[in-house]
$ cat run_37.cif   # mmCIF, C-alpha atoms; chains and numbers go by the auth columns
data_target
loop_
_atom_site.group_PDB
_atom_site.id
_atom_site.type_symbol
_atom_site.label_atom_id
_atom_site.label_comp_id
_atom_site.label_asym_id
_atom_site.label_seq_id
_atom_site.Cartn_x
_atom_site.Cartn_y
_atom_site.Cartn_z
_atom_site.B_iso_or_equiv
_atom_site.auth_seq_id
_atom_site.auth_asym_id
ATOM 1 C CA MET A 1 -37.578 38.487 0.281 0.00 13 R
ATOM 2 C CA ASP A 2 -36.912 37.704 3.918 0.00 14 R
ATOM 3 C CA ILE A 3 -39.380 35.292 5.509 0.00 15 R
ATOM 4 C CA PRO A 4 -39.936 35.754 9.263 0.00 16 R
ATOM 5 C CA ARG A 5 -38.654 32.839 11.257 0.00 17 R
ATOM 6 C CA GLN A 6 -41.285 30.550 12.756 0.00 18 R
ATOM 7 C CA PHE A 7 -39.073 29.104 15.474 0.00 19 R
ATOM 8 C CA ALA A 8 -39.011 31.116 18.692 0.00 20 R
ATOM 9 C CA GLY A 9 -37.283 28.548 20.901 0.00 21 R
ATOM 10 C CA TRP A 10 -38.413 25.835 23.278 0.00 22 R
ATOM 11 C CA ASP A 11 -40.341 27.330 26.169 0.00 23 R
ATOM 12 C CA GLU A 12 -39.148 26.378 29.638 0.00 24 R
ATOM 13 C CA SER A 13 -42.442 24.506 30.006 0.00 25 R
ATOM 14 C CA ALA A 14 -41.188 22.008 27.428 0.00 26 R
ATOM 15 C CA PHE A 15 -38.763 20.702 30.037 0.00 27 R
ATOM 16 C CA ASP A 16 -41.618 20.385 32.543 0.00 28 R
ATOM 17 C CA VAL A 17 -43.426 18.167 30.024 0.00 29 R
ATOM 18 C CA LEU A 18 -40.339 16.022 29.482 0.00 30 R
ATOM 19 C CA LEU A 19 -39.811 15.716 33.231 0.00 31 R
ATOM 20 C CA ARG A 20 -43.287 14.218 33.557 0.00 32 R
ATOM 21 C CA LEU A 21 -42.299 11.674 30.894 0.00 33 R
ATOM 22 C CA ASP A 22 -38.988 10.779 32.545 0.00 34 R
ATOM 23 C CA GLY A 23 -38.362 7.221 33.705 0.00 35 R
ATOM 24 C CA GLU A 24 -41.150 4.764 32.884 0.00 36 R
ATOM 25 C CA PRO A 25 -44.291 6.861 32.330 0.00 37 R
ATOM 26 C CA SER A 26 -47.588 4.995 32.193 0.00 38 R
ATOM 27 C CA GLN A 27 -49.780 4.935 29.113 0.00 39 R
ATOM 28 C CA GLU A 28 -52.237 7.073 31.054 0.00 40 R
ATOM 29 C CA VAL A 29 -49.618 9.765 31.690 0.00 41 R
ATOM 30 C CA MET A 30 -48.615 9.748 28.025 0.00 42 R
ATOM 31 C CA ARG A 31 -52.232 10.173 26.963 0.00 43 R
ATOM 32 C CA GLU A 32 -52.777 13.004 29.445 0.00 44 R
ATOM 33 C CA ILE A 33 -49.714 14.917 28.373 0.00 45 R
ATOM 34 C CA ARG A 34 -49.872 14.323 24.617 0.00 46 R
ATOM 35 C CA LYS A 35 -51.433 17.693 23.687 0.00 47 R
ATOM 36 C CA ASP A 36 -48.948 19.623 25.827 0.00 48 R
ATOM 37 C CA ARG A 37 -46.066 17.641 24.386 0.00 49 R
ATOM 38 C CA GLU A 38 -47.255 18.288 20.836 0.00 50 R
ATOM 39 C CA ARG A 39 -47.561 22.029 21.467 0.00 51 R
ATOM 40 C CA LEU A 40 -44.446 22.586 23.569 0.00 52 R
ATOM 41 C CA VAL A 41 -41.999 19.950 22.333 0.00 53 R
ATOM 42 C CA ARG A 42 -42.825 18.679 18.840 0.00 54 R
ATOM 43 C CA GLN A 43 -44.260 21.794 17.176 0.00 55 R
ATOM 44 C CA PRO A 44 -41.164 23.886 17.996 0.00 56 R
ATOM 45 C CA MET A 45 -39.083 21.197 16.270 0.00 57 R
ATOM 46 C CA VAL A 46 -41.390 21.452 13.232 0.00 58 R
ATOM 47 C CA ALA A 47 -40.851 25.220 13.204 0.00 59 R
ATOM 48 C CA LEU A 48 -37.089 24.778 13.614 0.00 60 R
ATOM 49 C CA LEU A 49 -36.868 22.472 10.579 0.00 61 R
ATOM 50 C CA HIS A 50 -38.962 24.923 8.564 0.00 62 R
ATOM 51 C CA ASP A 51 -36.519 27.721 9.316 0.00 63 R
ATOM 52 C CA LEU A 52 -33.472 25.532 8.692 0.00 64 R
ATOM 53 C CA ALA A 53 -34.851 24.459 5.303 0.00 65 R
ATOM 54 C CA TRP A 54 -35.448 28.099 4.374 0.00 66 R
ATOM 55 C CA GLU A 55 -31.844 28.980 5.256 0.00 67 R
ATOM 56 C CA ASP A 56 -30.112 25.905 3.820 0.00 68 R
ATOM 57 C CA PRO A 57 -31.401 23.520 1.094 0.00 69 R
ATOM 58 C CA ALA A 58 -29.672 20.609 2.872 0.00 70 R
ATOM 59 C CA PHE A 59 -32.613 20.604 5.318 0.00 71 R
ATOM 60 C CA GLU A 60 -35.413 20.652 2.730 0.00 72 R
ATOM 61 C CA ASP A 61 -36.087 16.887 2.708 0.00 73 R
ATOM 62 C CA HIS A 62 -36.873 16.482 6.392 0.00 74 R
ATOM 63 C CA SER A 63 -39.147 14.659 8.804 0.00 75 R
ATOM 64 C CA VAL A 64 -40.076 15.376 12.418 0.00 76 R
ATOM 65 C CA TRP A 65 -40.826 12.170 14.278 0.00 77 R
ATOM 66 C CA ARG A 66 -44.211 11.629 15.876 0.00 78 R
ATOM 67 C CA TYR A 67 -45.048 9.254 18.722 0.00 79 R
ATOM 68 C CA GLY A 68 -44.064 5.647 19.244 0.00 80 R
ATOM 69 C CA LYS A 69 -45.389 3.016 21.613 0.00 81 R
ATOM 70 C CA THR A 70 -42.371 3.051 23.904 0.00 82 R
ATOM 71 C CA PRO A 71 -41.456 5.900 26.303 0.00 83 R
ATOM 72 C CA TRP A 72 -38.217 6.668 24.463 0.00 84 R
ATOM 73 C CA TRP A 73 -40.113 8.256 21.582 0.00 85 R
ATOM 74 C CA TRP A 74 -41.965 10.506 24.006 0.00 86 R
ATOM 75 C CA GLN A 75 -38.835 11.457 25.929 0.00 87 R
ATOM 76 C CA ASN A 76 -36.837 12.322 22.789 0.00 88 R
ATOM 77 C CA GLN A 77 -38.076 14.577 20.017 0.00 89 R
ATOM 78 C CA SER A 78 -36.114 13.697 16.915 0.00 90 R
ATOM 79 C CA ALA A 79 -35.958 15.097 13.412 0.00 91 R
ATOM 80 C CA VAL A 80 -33.907 14.166 10.378 0.00 92 R
ATOM 81 C CA ALA A 81 -32.904 15.841 7.121 0.00 93 R
ATOM 82 C CA ARG A 82 -31.957 13.447 4.326 0.00 94 R
ATOM 83 C CA VAL A 83 -28.816 14.527 2.467 0.00 95 R
ATOM 84 C CA ALA A 84 -28.352 11.397 0.339 0.00 96 R
ATOM 85 C CA ARG A 85 -29.233 7.719 0.573 0.00 97 R
ATOM 86 C CA ASN A 86 -28.487 6.704 4.182 0.00 98 R
ATOM 87 C CA VAL A 87 -26.697 10.027 4.795 0.00 99 R
ATOM 88 C CA GLU A 88 -28.572 12.327 7.161 0.00 100 R
ATOM 89 C CA ILE A 89 -28.436 15.288 9.502 0.00 101 R
ATOM 90 C CA GLY A 90 -30.150 14.415 12.776 0.00 102 R
ATOM 91 C CA LEU A 91 -31.483 16.535 15.628 0.00 103 R
ATOM 92 C CA ARG A 92 -32.691 15.357 19.035 0.00 104 R
ATOM 93 C CA PHE A 93 -34.250 17.425 21.809 0.00 105 R
ATOM 94 C CA ASN A 94 -34.697 15.995 25.319 0.00 106 R
ATOM 95 C CA LEU A 95 -34.000 16.797 28.961 0.00 107 R
ATOM 96 C CA ASP A 96 -30.285 17.064 28.155 0.00 108 R
ATOM 97 C CA GLY A 97 -31.004 19.781 25.599 0.00 109 R
ATOM 98 C CA LEU A 98 -30.274 19.608 21.875 0.00 110 R
ATOM 99 C CA ARG A 99 -27.846 17.430 20.005 0.00 111 R
ATOM 100 C CA VAL A 100 -26.926 17.363 16.322 0.00 112 R
ATOM 101 C CA GLN A 101 -25.322 14.634 14.278 0.00 113 R
ATOM 102 C CA GLY A 102 -24.159 13.803 10.805 0.00 114 R
ATOM 103 C CA ALA A 103 -24.815 10.149 10.116 0.00 115 R
ATOM 104 C CA TRP A 104 -24.241 7.440 7.538 0.00 116 R
ATOM 105 C CA TRP A 105 -26.151 4.379 8.743 0.00 117 R
ATOM 106 C CA TYR A 106 -28.599 1.579 7.871 0.00 118 R
ATOM 107 C CA ALA A 107 -26.381 0.907 4.880 0.00 119 R
ATOM 108 C CA ASP A 108 -26.613 -2.124 2.613 0.00 120 R
ATOM 109 C CA SER A 109 -23.639 -4.344 1.782 0.00 121 R
ATOM 110 C CA ASP A 110 -22.871 -2.426 -1.436 0.00 122 R
ATOM 111 C CA GLN A 111 -22.558 0.860 0.418 0.00 123 R
ATOM 112 C CA ILE A 112 -20.411 -0.721 3.113 0.00 124 R
ATOM 113 C CA SER A 113 -18.102 -2.134 0.439 0.00 125 R
ATOM 114 C CA ARG A 114 -17.834 1.292 -1.232 0.00 126 R
ATOM 115 C CA PHE A 115 -17.093 2.898 2.125 0.00 127 R
ATOM 116 C CA ARG A 116 -14.293 0.448 2.852 0.00 128 R
ATOM 117 C CA ALA A 117 -12.780 0.823 -0.617 0.00 129 R
ATOM 118 C CA ALA A 118 -12.803 4.625 -0.296 0.00 130 R
ATOM 119 C CA VAL A 119 -11.273 4.453 3.194 0.00 131 R
ATOM 120 C CA ALA A 120 -8.554 2.083 1.984 0.00 132 R
ATOM 121 C CA ALA A 121 -7.656 4.250 -1.032 0.00 133 R
ATOM 122 C CA GLU A 122 -4.908 6.701 -0.147 0.00 134 R
ATOM 123 C CA ALA A 123 -6.396 9.945 -1.452 0.00 135 R
ATOM 124 C CA SER A 124 -10.012 9.515 -0.335 0.00 136 R
ATOM 125 C CA GLY A 125 -9.090 7.654 2.852 0.00 137 R
ATOM 126 C CA SER A 126 -6.599 10.272 3.981 0.00 138 R
ATOM 127 C CA ALA A 127 -9.182 12.969 3.281 0.00 139 R
ATOM 128 C CA LEU A 128 -11.731 11.236 5.523 0.00 140 R
ATOM 129 C CA ASP A 129 -9.098 10.717 8.215 0.00 141 R
ATOM 130 C CA ASP A 130 -8.442 14.472 8.218 0.00 142 R
ATOM 131 C CA VAL A 131 -12.174 15.290 8.314 0.00 143 R
ATOM 132 C CA VAL A 132 -12.768 12.963 11.257 0.00 144 R
ATOM 133 C CA ALA A 133 -9.759 14.320 13.160 0.00 145 R
ATOM 134 C CA GLU A 134 -10.985 17.901 12.657 0.00 146 R
ATOM 135 C CA LEU A 135 -14.473 17.015 13.873 0.00 147 R
ATOM 136 C CA ARG A 136 -13.011 15.426 17.003 0.00 148 R
ATOM 137 C CA ASP A 137 -11.037 18.607 17.623 0.00 149 R
ATOM 138 C CA LYS A 138 -14.291 20.571 17.384 0.00 150 R
ATOM 139 C CA GLY A 139 -15.953 18.453 20.045 0.00 151 R
ATOM 140 C CA PHE A 140 -17.816 15.871 17.968 0.00 152 R
ATOM 141 C CA GLU A 141 -17.944 12.275 19.149 0.00 153 R
ATOM 142 C CA ILE A 142 -17.153 9.846 16.339 0.00 154 R
ATOM 143 C CA THR A 143 -19.160 6.682 16.735 0.00 155 R
ATOM 144 C CA GLY A 144 -21.105 4.053 14.819 0.00 156 R
ATOM 145 C CA ASP A 145 -21.523 0.313 14.413 0.00 157 R
ATOM 146 C CA ARG A 146 -18.015 -1.157 14.328 0.00 158 R
ATOM 147 C CA LEU A 147 -16.427 -4.541 13.845 0.00 159 R
ATOM 148 C CA LYS A 148 -14.020 -5.762 16.535 0.00 160 R
ATOM 149 C CA ARG A 149 -11.199 -5.701 13.996 0.00 161 R
ATOM 150 C CA ALA A 150 -10.608 -4.544 10.430 0.00 162 R
ATOM 151 C CA PRO A 151 -12.265 -6.674 7.708 0.00 163 R
ATOM 152 C CA ARG A 152 -10.170 -9.695 6.782 0.00 164 R
ATOM 153 C CA GLU A 153 -9.522 -8.445 3.237 0.00 165 R
ATOM 154 C CA TYR A 154 -7.497 -5.542 4.660 0.00 166 R
ATOM 155 C CA PRO A 155 -4.235 -5.818 6.611 0.00 167 R
ATOM 156 C CA THR A 156 -4.562 -5.459 10.369 0.00 168 R
ATOM 157 C CA ASN A 157 -1.835 -2.783 10.323 0.00 169 R
ATOM 158 C CA HIS A 158 -3.604 -0.642 7.721 0.00 170 R
ATOM 159 C CA PRO A 159 -3.075 3.040 8.635 0.00 171 R
ATOM 160 C CA ARG A 160 -6.859 3.561 8.675 0.00 172 R
ATOM 161 C CA ALA A 161 -7.800 0.250 10.272 0.00 173 R
ATOM 162 C CA ALA A 162 -9.974 2.048 12.837 0.00 174 R
ATOM 163 C CA LEU A 163 -12.106 3.605 10.093 0.00 175 R
ATOM 164 C CA LEU A 164 -12.268 0.344 8.147 0.00 176 R
ATOM 165 C CA ARG A 165 -14.042 -1.247 11.114 0.00 177 R
ATOM 166 C CA HIS A 166 -17.054 1.037 10.679 0.00 178 R
ATOM 167 C CA ARG A 167 -20.318 -0.272 9.245 0.00 179 R
ATOM 168 C CA SER A 168 -21.881 3.097 10.028 0.00 180 R
ATOM 169 C CA LEU A 169 -20.292 6.432 10.856 0.00 181 R
ATOM 170 C CA LEU A 170 -21.750 9.187 13.014 0.00 182 R
ATOM 171 C CA ALA A 171 -20.362 12.495 14.230 0.00 183 R
ATOM 172 C CA VAL A 172 -22.402 13.641 17.249 0.00 184 R
ATOM 173 C CA ARG A 173 -22.249 16.778 19.341 0.00 185 R
ATOM 174 C CA HIS A 174 -24.430 17.926 22.233 0.00 186 R
ATOM 175 C CA LEU A 175 -25.115 21.617 21.791 0.00 187 R
ATOM 176 C CA GLY A 176 -26.273 21.977 25.391 0.00 188 R
ATOM 177 C CA SER A 177 -29.360 23.068 27.306 0.00 189 R
ATOM 178 C CA ASP A 178 -28.623 26.703 28.136 0.00 190 R
ATOM 179 C CA GLU A 179 -31.030 29.621 27.890 0.00 191 R
ATOM 180 C CA TRP A 180 -30.367 30.089 24.161 0.00 192 R
ATOM 181 C CA LEU A 181 -32.601 27.038 23.597 0.00 193 R
ATOM 182 C CA GLN A 182 -35.514 29.317 24.473 0.00 194 R
ATOM 183 C CA THR A 183 -34.626 31.725 21.638 0.00 195 R
ATOM 184 C CA PRO A 184 -34.378 31.729 17.812 0.00 196 R
ATOM 185 C CA GLU A 185 -30.597 31.512 18.246 0.00 197 R
ATOM 186 C CA VAL A 186 -31.041 27.737 17.977 0.00 198 R
ATOM 187 C CA VAL A 187 -31.410 28.094 14.205 0.00 199 R
ATOM 188 C CA ASP A 188 -28.012 29.746 13.861 0.00 200 R
ATOM 189 C CA ARG A 189 -26.311 27.260 16.158 0.00 201 R
ATOM 190 C CA VAL A 190 -27.634 24.296 14.180 0.00 202 R
ATOM 191 C CA LEU A 191 -26.614 25.917 10.894 0.00 203 R
ATOM 192 C CA ALA A 192 -23.120 26.478 12.308 0.00 204 R
ATOM 193 C CA ALA A 193 -22.876 22.837 13.394 0.00 205 R
ATOM 194 C CA HIS A 194 -24.022 21.748 9.941 0.00 206 R
ATOM 195 C CA GLU A 195 -21.239 23.797 8.356 0.00 207 R
ATOM 196 C CA GLU A 196 -18.769 21.873 10.501 0.00 208 R
ATOM 197 C CA LEU A 197 -20.378 18.591 9.449 0.00 209 R
ATOM 198 C CA ARG A 198 -20.553 19.490 5.764 0.00 210 R
ATOM 199 C CA PRO A 199 -17.122 18.048 4.790 0.00 211 R
ATOM 200 C CA LEU A 200 -18.085 14.684 6.300 0.00 212 R
ATOM 201 C CA LEU A 201 -21.521 14.672 4.662 0.00 213 R
ATOM 202 C CA THR A 202 -19.974 15.642 1.325 0.00 214 R
ATOM 203 C CA TRP A 203 -17.367 12.885 1.570 0.00 215 R
ATOM 204 C CA LEU A 204 -20.020 10.286 2.396 0.00 216 R
ATOM 205 C CA THR A 205 -22.303 11.466 -0.394 0.00 217 R
ATOM 206 C CA THR A 206 -19.481 11.432 -2.948 0.00 218 R
ATOM 207 C CA HIS A 207 -17.773 8.169 -2.053 0.00 219 R
ATOM 208 C CA VAL A 208 -20.517 6.050 -0.502 0.00 220 R
ATOM 209 C CA ALA A 209 -24.074 7.194 -1.213 0.00 221 R
ATOM 210 C CA ALA A 210 -23.740 8.357 -4.813 0.00 222 R
ATOM 211 C CA CYS A 211 -24.922 5.904 -7.430 0.00 223 R
ATOM 212 C CA VAL A 212 -22.035 4.357 -9.329 0.00 224 R
ATOM 213 C CA PRO A 213 -22.740 3.921 -13.068 0.00 225 R
ATOM 214 C CA PRO A 214 -22.264 0.402 -14.422 0.00 226 R
ATOM 215 C CA ALA A 215 -19.028 -0.325 -16.203 0.00 227 R
ATOM 216 C CA THR A 216 -19.175 -0.278 -20.004 0.00 228 R
ATOM 217 C CA SER A 217 -17.091 -2.330 -22.380 0.00 229 R
ATOM 218 C CA ASP A 218 -15.221 -0.793 -25.322 0.00 230 R
#

$ encode --input "run_37.cif" --output "structure tokens"
Amino acid sequence: MDIPRQFAGWDESAFDVLLRLDGEPSQEVMREIRKDRERLVRQPMVALLHDLAWEDPAFEDHSVWRYGKTPWWWQNQSAVARVARNVEIGLRFNLDGLRVQGAWWYADSDQISRFRAAVAAEASGSALDDVVAELRDKGFEITGDRLKRAPREYPTNHPRAALLRHRSLLAVRHLGSDEWLQTPEVVDRVLAAHEELRPLLTWLTTHVAACVPPATSD
């Protein structure tokens, strides 16, 4: 059974709300505009995540951020869908429009060690190298928290030294702020971006986030 989509787009008035919050808005301004921001900015994001979760199970475990004490949280409406431990799909709506990202971040030392081992291994490392290169070709920015040089346990001339420097890995793309943001087309554009991110999210889930069973002795 088809369920009607809840998301109709962000009304043009949403940008008027965000314009009032631009710069360093006072606490008074934030209080005055809170109801309009909730209705025009945050609730559409709630509806968007509902529709995405209905279309793709990857979005089922999601959260839509509320309000923080600093202006940034009012100027940026964020949402996240958790794919695996520390592996997420992120959305952010602000005056620049909508951006989407696939992210592995806030990792503990065990995950970072697993990431480095998988990057260093020829089969898994080459696979990630190909995934990252393809995402760059599709317009994603590859970023994250990086060391100045490869970890000391790996040779400086390692063919994937650039990836070994990462302590987090994000693929980010700005989808834009054109008129389609005011329509349900947003759902399809985010789903399409997620399909492009899926190989990266799958690699990270398989090689980094998945629980590794303890070794057993014969």

$ resolve_selection --input "run_37.cif" --expression "the PyMOL selection byres ((chain R and resi 81) around 12)" --output "list in words"
Pro37, Ser38, Gln39, Met42, Arg43, Arg78, Tyr79, Gly80, Thr82, Pro83, Trp84, Trp85, Trp86 and Gln87 of chain R

$ resolve_selection --input "run_37.cif" --expression "the PyMOL selection byres ((chain R and resi 48-53) around 9)" --output "ChimeraX atom specification"
/R:22-27,29-30,44-47,54-57,78,86,89,105-106

$ residues_around --input "run_37.cif" --residues "Trp192 of chain R" --least-positions-apart "4" --cutoff "12 Å" --atoms "all atoms listed in the file" --output "ChimeraX atom specification"
/R:20-24,109-110,187-188,196-202

$ residues_around --input "run_37.cif" --residues "segment 130-146 of chain R" --least-positions-apart "2" --cutoff "10 Å" --atoms "all atoms listed in the file" --output "JSON, numbers by chain"
{"R": [124, 125, 126, 127, 128, 148, 149, 150, 151, 152, 153, 154, 166, 170, 171, 172, 173, 174, 175, 176, 181, 182, 183, 208, 209, 210, 211, 212, 215, 216, 218, 219, 220]}

$ resolve_selection --input "run_37.cif" --expression "the PyMOL selection byres ((chain R and resi 119) around 12)" --output "count of residues only"
26

$ atom_distance --input "run_37.cif" --atom1 "atom CA of Arg158 of chain R" --atom2 "atom CA of Leu107 of chain R"
28.1 Å

$ axis_aligned_box --input "run_37.cif" --around "segment 84-87 of chain R" --padding-each-side "5 Å" --output "lines of an AutoDock Vina configuration file"
center_x = -40.1
center_y = 9.1
center_z = 23.8
size_x = 13.7
size_y = 14.8
size_z = 14.3

$ atom_distance --input "run_37.cif" --atom1 "atom CA of Asp73 of chain R" --atom2 "atom CA of Arg185 of chain R"
21.6 Å

$ atom_distance --input "run_37.cif" --atom1 "atom CA of Ser189 of chain R" --atom2 "atom CA of Ala91 of chain R"
17.3 Å

$ residues_around --input "run_37.cif" --residues "Val58 of chain R" --least-positions-apart "5" --cutoff "9 Å" --atoms "only C-alpha atoms" --output "VMD selection string"
chain R and resid 19 63 75 to 76 91

$ build_atoms --input "run_37.cif" --residues "segment 47-70 of chain R" --atoms "N, CA and C atoms" --output "short mmCIF file (atom, residue, chain, number, x, y, z; two decimals), in the frame of the given file"
data_model
loop_
_atom_site.label_atom_id
_atom_site.label_comp_id
_atom_site.auth_asym_id
_atom_site.auth_seq_id
_atom_site.Cartn_x
_atom_site.Cartn_y
_atom_site.Cartn_z
N LYS R 47 -51.17 16.39 24.30
CA LYS R 47 -51.43 17.69 23.69
C LYS R 47 -50.37 18.72 24.09
N ASP R 48 -49.99 18.70 25.38
CA ASP R 48 -48.95 19.62 25.83
C ASP R 48 -47.61 19.30 25.17
N ARG R 49 -47.33 18.02 25.03
CA ARG R 49 -46.07 17.64 24.39
C ARG R 49 -46.06 18.07 22.92
N GLU R 50 -47.17 17.88 22.23
CA GLU R 50 -47.26 18.29 20.84
C GLU R 50 -47.01 19.80 20.70
N ARG R 51 -47.65 20.57 21.56
CA ARG R 51 -47.56 22.03 21.47
C ARG R 51 -46.20 22.57 21.90
N LEU R 52 -45.64 22.01 22.96
CA LEU R 52 -44.45 22.59 23.57
C LEU R 52 -43.14 21.92 23.14
N VAL R 53 -43.22 20.68 22.68
CA VAL R 53 -42.00 19.95 22.33
C VAL R 53 -41.90 19.69 20.83
N ARG R 54 -42.93 19.06 20.25
CA ARG R 54 -42.82 18.68 18.84
C ARG R 54 -43.00 19.85 17.89
N GLN R 55 -44.01 20.70 18.11
CA GLN R 55 -44.26 21.79 17.18
C GLN R 55 -43.08 22.76 17.08
N PRO R 56 -42.39 23.08 18.17
CA PRO R 56 -41.16 23.89 18.00
C PRO R 56 -40.13 23.21 17.09
N MET R 57 -40.01 21.88 17.16
CA MET R 57 -39.08 21.20 16.27
C MET R 57 -39.54 21.32 14.82
N VAL R 58 -40.85 21.25 14.58
CA VAL R 58 -41.39 21.45 13.23
C VAL R 58 -41.01 22.84 12.73
N ALA R 59 -41.20 23.85 13.58
CA ALA R 59 -40.85 25.22 13.20
C ALA R 59 -39.35 25.37 12.95
N LEU R 60 -38.54 24.71 13.78
CA LEU R 60 -37.09 24.78 13.61
C LEU R 60 -36.68 24.22 12.26
N LEU R 61 -37.23 23.07 11.87
CA LEU R 61 -36.87 22.47 10.58
C LEU R 61 -37.35 23.34 9.43
N HIS R 62 -38.49 23.99 9.59
CA HIS R 62 -38.96 24.92 8.56
C HIS R 62 -37.94 26.03 8.35
N ASP R 63 -37.47 26.62 9.43
CA ASP R 63 -36.52 27.72 9.32
C ASP R 63 -35.17 27.25 8.78
N LEU R 64 -34.74 26.07 9.20
CA LEU R 64 -33.47 25.53 8.69
C LEU R 64 -33.55 25.28 7.19
N ALA R 65 -34.68 24.74 6.73
CA ALA R 65 -34.85 24.46 5.30
C ALA R 65 -34.87 25.75 4.49
N TRP R 66 -35.43 26.82 5.07
CA TRP R 66 -35.45 28.10 4.37
C TRP R 66 -34.03 28.66 4.24
N GLU R 67 -33.21 28.44 5.24
CA GLU R 67 -31.84 28.98 5.26
C GLU R 67 -30.86 28.13 4.46
N ASP R 68 -31.08 26.81 4.43
CA ASP R 68 -30.11 25.90 3.82
C ASP R 68 -30.86 24.75 3.14
N PRO R 69 -30.69 24.58 1.82
CA PRO R 69 -31.40 23.52 1.09
C PRO R 69 -31.11 22.11 1.61
N ALA R 70 -29.99 21.94 2.34
CA ALA R 70 -29.67 20.61 2.87
C ALA R 70 -30.76 20.09 3.81
#
